[in-house]
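Listing of run07.txt; format and content: compact mmCIF, N, CA and C atoms and all ligand atoms.
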# COMPACT_ATOMS: atom_id res chain seq x y z
N MET A 1 20.82 -9.79 -1.64
CA MET A 1 20.01 -8.66 -1.15
C MET A 1 19.54 -7.86 -2.36
N ASN A 2 18.26 -7.73 -2.47
CA ASN A 2 17.69 -6.96 -3.57
C ASN A 2 17.67 -5.49 -3.18
N THR A 3 18.38 -4.67 -3.93
CA THR A 3 18.49 -3.26 -3.56
C THR A 3 17.62 -2.36 -4.42
N HIS A 4 16.76 -2.96 -5.24
CA HIS A 4 15.85 -2.17 -6.07
C HIS A 4 14.93 -1.35 -5.17
N ILE A 5 15.06 -0.03 -5.22
CA ILE A 5 14.27 0.85 -4.38
C ILE A 5 13.26 1.58 -5.26
N VAL A 6 12.04 1.58 -4.85
CA VAL A 6 11.00 2.22 -5.65
C VAL A 6 10.36 3.33 -4.84
N LYS A 7 10.37 4.52 -5.38
CA LYS A 7 9.59 5.61 -4.82
C LYS A 7 8.42 5.80 -5.76
N HIS A 8 7.24 5.44 -5.30
CA HIS A 8 6.10 5.49 -6.20
C HIS A 8 5.71 6.93 -6.47
N ALA A 9 5.88 7.33 -7.72
CA ALA A 9 5.57 8.70 -8.12
C ALA A 9 4.07 8.87 -8.27
N ARG A 10 3.57 9.99 -7.80
CA ARG A 10 2.18 10.30 -8.06
C ARG A 10 2.07 10.87 -9.46
N ILE A 11 0.95 10.60 -10.09
CA ILE A 11 0.75 11.07 -11.46
C ILE A 11 0.33 12.54 -11.41
N ARG A 12 1.11 13.40 -12.05
CA ARG A 12 0.93 14.84 -11.87
C ARG A 12 0.40 15.56 -13.11
N THR A 13 0.51 14.97 -14.27
CA THR A 13 0.11 15.71 -15.48
C THR A 13 -0.83 14.85 -16.31
N PRO A 14 -1.72 15.50 -17.10
CA PRO A 14 -2.63 14.73 -17.97
C PRO A 14 -1.87 13.82 -18.92
N ALA A 15 -0.73 14.30 -19.47
CA ALA A 15 0.03 13.46 -20.41
C ALA A 15 0.50 12.19 -19.72
N LEU A 16 1.04 12.33 -18.52
CA LEU A 16 1.50 11.16 -17.78
C LEU A 16 0.33 10.26 -17.42
N PHE A 17 -0.80 10.88 -17.12
CA PHE A 17 -1.98 10.10 -16.78
C PHE A 17 -2.41 9.25 -17.98
N ALA A 18 -2.37 9.85 -19.18
CA ALA A 18 -2.73 9.12 -20.40
C ALA A 18 -1.76 7.96 -20.63
N LEU A 19 -0.46 8.22 -20.44
CA LEU A 19 0.53 7.16 -20.59
C LEU A 19 0.27 6.04 -19.59
N ALA A 20 -0.07 6.44 -18.39
CA ALA A 20 -0.32 5.44 -17.35
C ALA A 20 -1.54 4.60 -17.72
N LEU A 21 -2.55 5.24 -18.32
CA LEU A 21 -3.74 4.50 -18.75
C LEU A 21 -3.39 3.46 -19.80
N ILE A 22 -2.53 3.88 -20.76
CA ILE A 22 -2.12 2.95 -21.81
C ILE A 22 -1.32 1.81 -21.21
N ALA A 23 -0.34 2.17 -20.40
CA ALA A 23 0.55 1.17 -19.80
C ALA A 23 -0.22 0.25 -18.86
N GLY A 24 -1.26 0.79 -18.20
CA GLY A 24 -1.94 0.01 -17.17
C GLY A 24 -3.33 -0.43 -17.57
N ALA A 25 -3.58 -0.47 -18.89
CA ALA A 25 -4.94 -0.75 -19.35
C ALA A 25 -5.46 -2.11 -18.87
N ALA A 26 -4.57 -3.08 -18.81
CA ALA A 26 -5.00 -4.43 -18.45
C ALA A 26 -5.43 -4.49 -16.98
N THR A 27 -4.63 -3.92 -16.12
CA THR A 27 -4.96 -3.93 -14.69
C THR A 27 -4.70 -2.55 -14.12
N TRP A 28 -5.65 -2.03 -13.42
CA TRP A 28 -5.51 -0.71 -12.82
C TRP A 28 -4.76 -0.80 -11.49
N ALA A 29 -4.66 -1.98 -10.92
CA ALA A 29 -3.99 -2.13 -9.63
C ALA A 29 -2.51 -1.79 -9.75
N PRO A 30 -1.92 -1.21 -8.68
CA PRO A 30 -0.50 -0.90 -8.73
C PRO A 30 0.32 -2.17 -8.96
N ARG A 31 1.39 -2.05 -9.77
CA ARG A 31 2.23 -3.21 -10.03
C ARG A 31 3.02 -3.59 -8.79
N HIS A 32 3.39 -2.59 -8.05
CA HIS A 32 4.21 -2.84 -6.86
C HIS A 32 3.36 -2.74 -5.61
N PHE A 33 3.86 -3.36 -4.61
CA PHE A 33 3.40 -3.15 -3.25
C PHE A 33 3.39 -1.65 -2.96
N THR A 34 2.32 -1.15 -2.41
CA THR A 34 2.29 0.25 -1.98
C THR A 34 1.24 0.44 -0.91
N LEU A 35 1.13 1.67 -0.46
CA LEU A 35 0.16 2.00 0.57
C LEU A 35 -1.20 2.21 -0.08
N ALA A 36 -2.24 1.57 0.45
CA ALA A 36 -3.59 1.76 -0.06
C ALA A 36 -4.27 2.94 0.64
N ARG A 37 -4.18 2.97 1.96
CA ARG A 37 -4.77 4.07 2.74
C ARG A 37 -4.19 4.03 4.13
N SER A 38 -4.52 5.04 4.90
CA SER A 38 -3.98 5.12 6.26
C SER A 38 -4.91 5.90 7.15
N LEU A 39 -4.71 5.72 8.46
CA LEU A 39 -5.30 6.59 9.47
C LEU A 39 -4.19 6.98 10.43
N PRO A 40 -3.94 8.27 10.66
CA PRO A 40 -4.56 9.38 9.95
C PRO A 40 -4.31 9.28 8.43
N SER A 41 -5.25 9.83 7.67
CA SER A 41 -5.10 9.86 6.22
C SER A 41 -4.02 10.86 5.83
N ALA A 42 -3.43 10.64 4.66
CA ALA A 42 -2.48 11.61 4.11
C ALA A 42 -3.15 12.97 4.01
N ASP A 43 -2.46 13.98 4.46
CA ASP A 43 -2.88 15.38 4.37
C ASP A 43 -4.06 15.73 5.29
N ALA A 44 -4.44 14.82 6.18
CA ALA A 44 -5.54 15.09 7.10
C ALA A 44 -5.06 15.95 8.27
N THR A 45 -6.00 16.68 8.87
CA THR A 45 -5.76 17.39 10.13
C THR A 45 -6.60 16.71 11.19
N VAL A 46 -5.95 16.27 12.26
CA VAL A 46 -6.60 15.39 13.23
C VAL A 46 -6.18 15.75 14.66
N ALA A 47 -6.93 15.22 15.64
CA ALA A 47 -6.46 15.24 17.02
C ALA A 47 -5.30 14.26 17.13
N SER A 48 -4.49 14.41 18.17
CA SER A 48 -3.34 13.52 18.34
C SER A 48 -3.79 12.06 18.28
N PRO A 49 -3.28 11.27 17.33
CA PRO A 49 -3.74 9.88 17.18
C PRO A 49 -3.09 8.96 18.20
N ALA A 50 -3.87 7.98 18.69
CA ALA A 50 -3.32 6.98 19.62
C ALA A 50 -2.43 6.00 18.88
N HIS A 51 -2.73 5.77 17.60
CA HIS A 51 -1.90 4.88 16.80
C HIS A 51 -1.99 5.27 15.33
N LEU A 52 -1.05 4.76 14.57
CA LEU A 52 -1.05 4.93 13.11
C LEU A 52 -1.47 3.60 12.51
N GLN A 53 -2.31 3.64 11.49
CA GLN A 53 -2.76 2.44 10.79
C GLN A 53 -2.45 2.60 9.31
N LEU A 54 -1.70 1.66 8.76
CA LEU A 54 -1.32 1.69 7.34
C LEU A 54 -1.80 0.41 6.67
N TRP A 55 -2.72 0.59 5.71
CA TRP A 55 -3.22 -0.54 4.91
C TRP A 55 -2.43 -0.60 3.61
N PHE A 56 -1.80 -1.72 3.34
CA PHE A 56 -1.02 -1.88 2.12
C PHE A 56 -1.83 -2.64 1.08
N THR A 57 -1.35 -2.61 -0.17
CA THR A 57 -2.07 -3.27 -1.27
C THR A 57 -1.84 -4.78 -1.27
N GLN A 58 -0.80 -5.23 -0.57
CA GLN A 58 -0.51 -6.65 -0.40
C GLN A 58 -0.10 -6.84 1.06
N ALA A 59 -0.22 -8.03 1.56
CA ALA A 59 0.31 -8.32 2.89
C ALA A 59 1.83 -8.18 2.83
N PRO A 60 2.42 -7.26 3.62
CA PRO A 60 3.87 -7.10 3.57
C PRO A 60 4.59 -8.36 4.05
N GLN A 61 5.78 -8.58 3.52
CA GLN A 61 6.57 -9.72 4.00
C GLN A 61 6.85 -9.55 5.50
N GLU A 62 6.90 -10.68 6.16
CA GLU A 62 7.11 -10.70 7.61
C GLU A 62 8.38 -9.93 7.97
N GLY A 63 8.26 -9.00 8.89
CA GLY A 63 9.43 -8.26 9.37
C GLY A 63 9.97 -7.22 8.41
N SER A 64 9.25 -6.96 7.29
CA SER A 64 9.80 -6.03 6.29
C SER A 64 9.38 -4.59 6.51
N VAL A 65 8.37 -4.38 7.36
CA VAL A 65 7.79 -3.04 7.45
C VAL A 65 8.48 -2.20 8.52
N SER A 66 8.86 -1.00 8.13
CA SER A 66 9.36 0.02 9.04
C SER A 66 8.44 1.22 8.91
N ILE A 67 7.99 1.77 10.02
CA ILE A 67 7.14 2.96 10.01
C ILE A 67 7.77 3.96 10.99
N ARG A 68 8.22 5.08 10.44
CA ARG A 68 8.85 6.10 11.29
C ARG A 68 7.98 7.35 11.29
N LEU A 69 7.82 7.93 12.48
CA LEU A 69 7.06 9.16 12.65
C LEU A 69 8.07 10.28 12.91
N ILE A 70 7.98 11.33 12.09
CA ILE A 70 8.99 12.40 12.13
C ILE A 70 8.26 13.73 12.31
N ASP A 71 8.72 14.53 13.28
CA ASP A 71 8.03 15.80 13.52
C ASP A 71 8.52 16.89 12.56
N ALA A 72 7.93 18.08 12.70
CA ALA A 72 8.21 19.16 11.74
C ALA A 72 9.67 19.61 11.80
N ALA A 73 10.33 19.37 12.93
CA ALA A 73 11.75 19.73 13.06
C ALA A 73 12.66 18.66 12.44
N GLY A 74 12.05 17.55 12.00
CA GLY A 74 12.84 16.48 11.40
C GLY A 74 13.31 15.44 12.39
N ASP A 75 12.83 15.55 13.63
CA ASP A 75 13.24 14.59 14.67
C ASP A 75 12.29 13.40 14.71
N ALA A 76 12.84 12.22 14.93
CA ALA A 76 12.03 11.02 15.07
C ALA A 76 11.23 11.07 16.36
N VAL A 77 9.97 10.67 16.28
CA VAL A 77 9.10 10.58 17.44
C VAL A 77 9.06 9.13 17.88
N ASP A 78 9.21 8.89 19.19
CA ASP A 78 9.17 7.51 19.69
C ASP A 78 7.79 6.90 19.47
N THR A 79 7.78 5.70 18.90
CA THR A 79 6.54 4.95 18.72
C THR A 79 6.85 3.49 19.03
N GLY A 80 5.78 2.68 19.05
CA GLY A 80 5.98 1.24 19.15
C GLY A 80 6.49 0.69 17.83
N GLU A 81 6.75 -0.60 17.82
CA GLU A 81 7.14 -1.30 16.59
C GLU A 81 5.89 -1.58 15.76
N PRO A 82 6.03 -1.67 14.44
CA PRO A 82 4.87 -2.03 13.62
C PRO A 82 4.38 -3.44 13.95
N VAL A 83 3.06 -3.57 14.11
CA VAL A 83 2.45 -4.85 14.43
C VAL A 83 1.38 -5.15 13.38
N ARG A 84 1.40 -6.35 12.86
CA ARG A 84 0.40 -6.75 11.88
C ARG A 84 -0.94 -7.01 12.58
N SER A 85 -2.00 -6.48 12.00
CA SER A 85 -3.34 -6.71 12.54
C SER A 85 -3.70 -8.20 12.49
N ALA A 86 -4.28 -8.69 13.56
CA ALA A 86 -4.71 -10.09 13.59
C ALA A 86 -5.87 -10.34 12.63
N GLU A 87 -6.64 -9.27 12.32
CA GLU A 87 -7.82 -9.41 11.46
C GLU A 87 -7.51 -9.20 9.99
N ASP A 88 -6.44 -8.44 9.68
CA ASP A 88 -6.17 -8.06 8.30
C ASP A 88 -4.66 -8.07 8.08
N ALA A 89 -4.18 -9.01 7.30
CA ALA A 89 -2.74 -9.18 7.08
C ALA A 89 -2.12 -8.00 6.34
N LYS A 90 -2.97 -7.17 5.69
CA LYS A 90 -2.45 -6.02 4.95
C LYS A 90 -2.32 -4.78 5.83
N LEU A 91 -2.81 -4.87 7.06
CA LEU A 91 -2.84 -3.71 7.97
C LEU A 91 -1.71 -3.79 8.99
N MET A 92 -0.88 -2.76 9.03
CA MET A 92 0.18 -2.65 10.02
C MET A 92 -0.14 -1.47 10.93
N GLU A 93 0.03 -1.68 12.22
CA GLU A 93 -0.34 -0.65 13.20
C GLU A 93 0.85 -0.33 14.09
N VAL A 94 0.93 0.95 14.46
CA VAL A 94 1.99 1.43 15.35
C VAL A 94 1.33 2.22 16.47
N GLU A 95 1.65 1.89 17.70
CA GLU A 95 1.16 2.68 18.83
C GLU A 95 1.99 3.95 18.96
N VAL A 96 1.31 5.07 19.11
CA VAL A 96 2.04 6.33 19.31
C VAL A 96 2.39 6.48 20.80
N GLY A 97 1.46 6.17 21.69
CA GLY A 97 1.79 6.03 23.11
C GLY A 97 1.84 7.31 23.92
N HIS A 98 1.79 8.46 23.27
CA HIS A 98 1.76 9.72 24.01
C HIS A 98 1.12 10.77 23.12
N THR A 99 0.73 11.89 23.73
CA THR A 99 0.05 12.94 22.97
C THR A 99 1.06 13.72 22.14
N LEU A 100 0.74 13.88 20.87
CA LEU A 100 1.59 14.66 19.97
C LEU A 100 1.21 16.13 20.07
N SER A 101 2.20 16.99 20.11
CA SER A 101 1.91 18.42 20.09
C SER A 101 1.46 18.82 18.69
N ALA A 102 0.80 19.98 18.61
CA ALA A 102 0.28 20.45 17.33
C ALA A 102 1.41 20.64 16.32
N GLY A 103 1.09 20.35 15.07
CA GLY A 103 2.09 20.54 14.02
C GLY A 103 1.99 19.46 12.97
N ALA A 104 2.87 19.55 11.99
CA ALA A 104 2.90 18.60 10.88
C ALA A 104 3.82 17.43 11.22
N TYR A 105 3.38 16.24 10.84
CA TYR A 105 4.16 15.02 11.07
C TYR A 105 4.26 14.23 9.76
N THR A 106 5.43 13.68 9.54
CA THR A 106 5.64 12.83 8.37
C THR A 106 5.67 11.38 8.83
N VAL A 107 4.93 10.54 8.13
CA VAL A 107 5.01 9.09 8.34
C VAL A 107 5.82 8.52 7.19
N ALA A 108 7.02 8.05 7.49
CA ALA A 108 7.92 7.48 6.47
C ALA A 108 7.89 5.97 6.65
N TRP A 109 7.49 5.26 5.60
CA TRP A 109 7.35 3.81 5.71
C TRP A 109 8.17 3.11 4.63
N ARG A 110 8.52 1.89 4.90
CA ARG A 110 9.10 1.00 3.90
C ARG A 110 8.56 -0.39 4.14
N GLY A 111 8.56 -1.16 3.08
CA GLY A 111 8.07 -2.52 3.22
C GLY A 111 8.37 -3.30 1.95
N ILE A 112 8.16 -4.60 2.04
CA ILE A 112 8.44 -5.50 0.92
C ILE A 112 7.19 -6.33 0.65
N GLY A 113 6.75 -6.31 -0.61
CA GLY A 113 5.58 -7.07 -1.01
C GLY A 113 5.94 -8.36 -1.72
N ASP A 114 5.04 -8.79 -2.59
CA ASP A 114 5.18 -10.09 -3.25
C ASP A 114 6.41 -10.20 -4.14
N ASP A 115 6.83 -9.06 -4.77
CA ASP A 115 7.93 -9.16 -5.74
C ASP A 115 9.31 -9.04 -5.09
N GLY A 116 9.34 -8.85 -3.77
CA GLY A 116 10.63 -8.83 -3.07
C GLY A 116 11.38 -7.52 -3.13
N HIS A 117 10.78 -6.50 -3.77
CA HIS A 117 11.44 -5.21 -3.87
C HIS A 117 11.12 -4.36 -2.65
N VAL A 118 12.11 -3.61 -2.20
CA VAL A 118 11.88 -2.66 -1.12
C VAL A 118 11.17 -1.44 -1.69
N VAL A 119 10.04 -1.09 -1.11
CA VAL A 119 9.30 0.10 -1.52
C VAL A 119 9.26 1.05 -0.33
N ARG A 120 9.52 2.33 -0.59
CA ARG A 120 9.41 3.30 0.49
C ARG A 120 8.71 4.55 0.01
N ASP A 121 7.97 5.17 0.91
CA ASP A 121 7.26 6.40 0.59
C ASP A 121 6.93 7.08 1.91
N ASP A 122 6.30 8.22 1.84
CA ASP A 122 5.92 8.91 3.07
C ASP A 122 4.68 9.74 2.81
N PHE A 123 4.02 10.11 3.89
CA PHE A 123 2.89 11.04 3.80
C PHE A 123 2.90 11.90 5.05
N VAL A 124 2.13 12.99 4.96
CA VAL A 124 2.12 13.97 6.04
C VAL A 124 0.71 14.10 6.59
N PHE A 125 0.60 14.21 7.90
CA PHE A 125 -0.67 14.64 8.51
C PHE A 125 -0.36 15.72 9.52
N THR A 126 -1.41 16.43 9.93
CA THR A 126 -1.23 17.56 10.86
C THR A 126 -2.04 17.32 12.11
N VAL A 127 -1.42 17.51 13.26
CA VAL A 127 -2.13 17.47 14.54
C VAL A 127 -2.58 18.88 14.86
N GLN A 128 -3.89 19.03 15.09
CA GLN A 128 -4.44 20.35 15.37
C GLN A 128 -4.17 20.73 16.83
N ALA A 129 -4.09 22.03 17.07
CA ALA A 129 -3.92 22.54 18.43
C ALA A 129 -5.14 22.17 19.27
N GLU A 130 -4.92 21.82 20.54
CA GLU A 130 -6.04 21.52 21.43
C GLU A 130 -6.80 22.80 21.74
N ARG A 131 -8.13 22.65 21.86
CA ARG A 131 -8.96 23.82 22.17
C ARG A 131 -9.58 23.68 23.54
CU CU E 1 9.21 -3.92 -7.45
So, in terms of structure tokens, how does the structure I just supplied come out?
Ligand SMILES: [Cu+2]
Amino acid sequence: MNTHIVKHARIRTPALFALALIAGAATWAPRHFTLARSLPSADATVASPAHLQLWFTQAPQEGSVSIRLIDAAGDAVDTGEPVRSAEDAKLMEVEVGHTLSAGAYTVAWRGIGDDGHVVRDDFVFTVQAER
């Protein structure tokens, strides 16, 4: 069992950015499996989504992806299991199945890419109040 856990740090300072440029000059692509984009997008404010869509930089290993939806109180929200898109092997989708009340939600995901390492990260989106 490979227990190497990677939390992909965002680059926060110009100095670190310069180091990253030097270290990553050959290829700008992330070395590890990570999240490319999502719907809802990170930090977006949206109507209650019917499902979550997470596009990864590599097709995740079969059965490796966990996607948890957590409300502002820290409680897990019931969702469906992650399902790989039939059209795009890098896209994993989760049905939410019910209307989310207004507030901030964290999407905590983990998955395994080509190098066999477990990668985990999270992002937040906000459900706006209904008008
Ligand atoms: Cu790795």
Counting all atoms listed in the file, which residues in chain A sit no more than 6.5 Å from ligand CU 1 (chain E)? For each one, give the nearest pair of atoms and the distance in Å, sorted by chain then residue number, as JSON lines.
{"residue": "A:Arg31", "atom": "C", "partner": "E:CU1", "partner_atom": "CU", "distance": 6.3}
{"residue": "A:His32", "atom": "CA", "partner": "E:CU1", "partner_atom": "CU", "distance": 5.1}
{"residue": "A:Phe33", "atom": "N", "partner": "E:CU1", "partner_atom": "CU", "distance": 6.1}
{"residue": "A:Asp115", "atom": "C", "partner": "E:CU1", "partner_atom": "CU", "distance": 5.6}
{"residue": "A:Gly116", "atom": "C", "partner": "E:CU1", "partner_atom": "CU", "distance": 6.0}
{"residue": "A:His117", "atom": "CA", "partner": "E:CU1", "partner_atom": "CU", "distance": 4.4}
{"residue": "A:Val118", "atom": "N", "partner": "E:CU1", "partner_atom": "CU", "distance": 6.0}
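Near A:Gly80, within 7 Å and counting only C-alpha atoms, sit Pro82, Val94, Glu95 and Val96 of chain A, not including residues fewer than 2 positions from it in the same chain.
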Could those selected residues go to a file with N, CA and C atoms, as a short mmCIF file (atom, residue, chain, number, x, y, z; two decimals), in the coordinates of the input?
data_model
loop_
_atom_site.label_atom_id
_atom_site.label_comp_id
_atom_site.auth_asym_id
_atom_site.auth_seq_id
_atom_site.Cartn_x
_atom_site.Cartn_y
_atom_site.Cartn_z
N PRO A 82 6.03 -1.67 14.44
CA PRO A 82 4.87 -2.03 13.62
C PRO A 82 4.38 -3.44 13.95
N VAL A 94 0.93 0.95 14.46
CA VAL A 94 1.99 1.43 15.35
C VAL A 94 1.33 2.22 16.47
N GLU A 95 1.65 1.89 17.70
CA GLU A 95 1.16 2.68 18.83
C GLU A 95 1.99 3.95 18.96
N VAL A 96 1.31 5.07 19.11
CA VAL A 96 2.04 6.33 19.31
C VAL A 96 2.39 6.48 20.80
#
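Counting all atoms listed in the file, the residue from A:Ser66, A:Thr99, A:Thr45, A:Gln58 that sits nearest to A:Asp114 is A:Gln58.
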Could you give me the axis-aligned bounding box of stretch 68-71 of chain A, with 6 Å of padding per side, as centre plus edge lengths in Å to one decimal, as JSON?
{"center_x": 8.0, "center_y": 11.0, "center_z": 12.0, "size_x": 13.9, "size_y": 23.8, "size_z": 15.1}
Which one is closest to A:Arg68: A:Val124, A:Glu93, A:Val107, A:Arg131? Count only C-alpha atoms. A:Val107
Please give the complete set of residues from stretch 59-97 of chain A that DSSP, run on the backbone, assigns to strand (DSSP E or B), formatted as a JSON list (two decimals) with N, CA and C atoms, in the frame of the given file.
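Saved to states05.json:
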[["chain", "number", "residue", "atom", "x", "y", "z"],
["A", 66, "SER", "N", 8.86, -1.00, 8.13],
["A", 66, "SER", "CA", 9.36, 0.02, 9.04],
["A", 66, "SER", "C", 8.44, 1.22, 8.91],
["A", 67, "ILE", "N", 7.99, 1.77, 10.02],
["A", 67, "ILE", "CA", 7.14, 2.96, 10.01],
["A", 67, "ILE", "C", 7.77, 3.96, 10.99],
["A", 68, "ARG", "N", 8.22, 5.08, 10.44],
["A", 68, "ARG", "CA", 8.85, 6.10, 11.29],
["A", 68, "ARG", "C", 7.98, 7.35, 11.29],
["A", 69, "LEU", "N", 7.82, 7.93, 12.48],
["A", 69, "LEU", "CA", 7.06, 9.16, 12.65],
["A", 69, "LEU", "C", 8.07, 10.28, 12.91],
["A", 70, "ILE", "N", 7.98, 11.33, 12.09],
["A", 70, "ILE", "CA", 8.99, 12.40, 12.13],
["A", 70, "ILE", "C", 8.26, 13.73, 12.31],
["A", 76, "ALA", "N", 12.84, 12.22, 14.93],
["A", 76, "ALA", "CA", 12.03, 11.02, 15.07],
["A", 76, "ALA", "C", 11.23, 11.07, 16.36],
["A", 77, "VAL", "N", 9.97, 10.67, 16.28],
["A", 77, "VAL", "CA", 9.10, 10.58, 17.44],
["A", 77, "VAL", "C", 9.06, 9.13, 17.88],
["A", 83, "VAL", "N", 3.06, -3.57, 14.11],
["A", 83, "VAL", "CA", 2.45, -4.85, 14.43],
["A", 83, "VAL", "C", 1.38, -5.15, 13.38],
["A", 84, "ARG", "N", 1.40, -6.35, 12.86],
["A", 84, "ARG", "CA", 0.40, -6.75, 11.88],
["A", 84, "ARG", "C", -0.94, -7.01, 12.58],
["A", 91, "LEU", "N", -2.81, -4.87, 7.06],
["A", 91, "LEU", "CA", -2.84, -3.71, 7.97],
["A", 91, "LEU", "C", -1.71, -3.79, 8.99],
["A", 92, "MET", "N", -0.88, -2.76, 9.03],
["A", 92, "MET", "CA", 0.18, -2.65, 10.02],
["A", 92, "MET", "C", -0.14, -1.47, 10.93],
["A", 93, "GLU", "N", 0.03, -1.68, 12.22],
["A", 93, "GLU", "CA", -0.34, -0.65, 13.20],
["A", 93, "GLU", "C", 0.85, -0.33, 14.09],
["A", 94, "VAL", "N", 0.93, 0.95, 14.46],
["A", 94, "VAL", "CA", 1.99, 1.43, 15.35],
["A", 94, "VAL", "C", 1.33, 2.22, 16.47],
["A", 95, "GLU", "N", 1.65, 1.89, 17.70],
["A", 95, "GLU", "CA", 1.16, 2.68, 18.83],
["A", 95, "GLU", "C", 1.99, 3.95, 18.96]]
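The spacing separating atom CA of A:Val83 from atom CA of A:His51 amounts to 10.9 Å.
From atom CA of A:Asp78 back to atom N of A:His98, the distance works out to 8.3 Å.
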